[in-house]
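*Asks:* This is the structure, below, for whatever I ask next.
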Amino acid sequence: KPYFCKIITERLTDIVTRNYQLPVNNETTFTDREIEIMRLICNEFTSKEIAETLNLSKRTVEGHRTRIMDKIGAKSIAGIITFAVEQGIYQRQG
């Protein structure tokens with residue numbers, strides 16, 4: 001049974017999701033595959049396109065993406081892109 005009414009639950013969820021961020025561990029390491037996937041994400045590849053390019057299943061790519069997001073505390077693909085640019089993992093050509 002719920003402990004809070006629907007309105008309170010929604011407000012608490014909103015507060016937590018807006019204010020909670022996982023700390024980024026400065027010693028976070030990435031596999032070569034994770035770095036490759038981050039670069040492809042930055043080049044606007046979809047999960048399906050990444051899977052085809054790397055000869056992986058779409059689900060495997062999504063698993064890598066989820067682990068990357070967990071490692072850096074990102075909530076979206078935009079977080080991965082921002083992180084990759086800030087850390088020098090991806091540099092736009094041209």
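Letters for chains follow the order of the structure tokens (A, B, ...), residue numbers begin at 1 for each chain, and ligand numbers begin at 1 in the order shown.
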For region 60-67 of chain A, list every protein, DNA or RNA residue within 7 Å, evaluated using only C-alpha atoms, and leave out those in the same chain fewer than 6 positions away; present the list as an MDAnalysis selection string.
*Replies:* chainID A and resid 34 47 51
*Asks:* Measuring between only C-alpha atoms, which one of A:Thr28, A:Asn55, A:Gln93, A:Lys48 shows the shortest distance to Met69 (chain A)?
*Replies:* A:Thr28
*Asks:* Using only C-alpha atoms, which of A:Leu54, A:Glu49, A:Ala74, A:Glu10 sits nearest Glu36 (chain A)?
*Replies:* A:Leu54
*Asks:* Which is closer to Asp70 (chain A) than all the others in A:Phe30, A:Val85, A:Phe45, A:Arg92, using only C-alpha atoms?
*Replies:*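 The closest residue to Asp70 (chain A) is A:Phe30.
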*Asks:* With distances taken over only C-alpha atoms, which residue among A:Met38, A:Ile7, A:Leu56, A:Ile50 lies nearest Phe83 (chain A)?
*Replies:*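 Among the listed residues, A:Met38 lies closest to Phe83 (chain A).
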*Asks:* Would you please work out which residue, of A:Lys6, A:Lys58, A:Arg11, A:Arg39, is nearest to Ile89 (chain A) when using only C-alpha atoms?
*Replies:*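 Ranking A:Lys6, A:Lys58, A:Arg11, A:Arg39 by distance to Ile89 (chain A), first place goes to A:Arg39.
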*Asks:* What is the CA of Ile35 (chain A)-CA of Ser57 (chain A) distance in Å, reported with one decimal?
*Replies:*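 Calculated distance between CA of Ile35 (chain A) and CA of Ser57 (chain A) is 17.2 Å.
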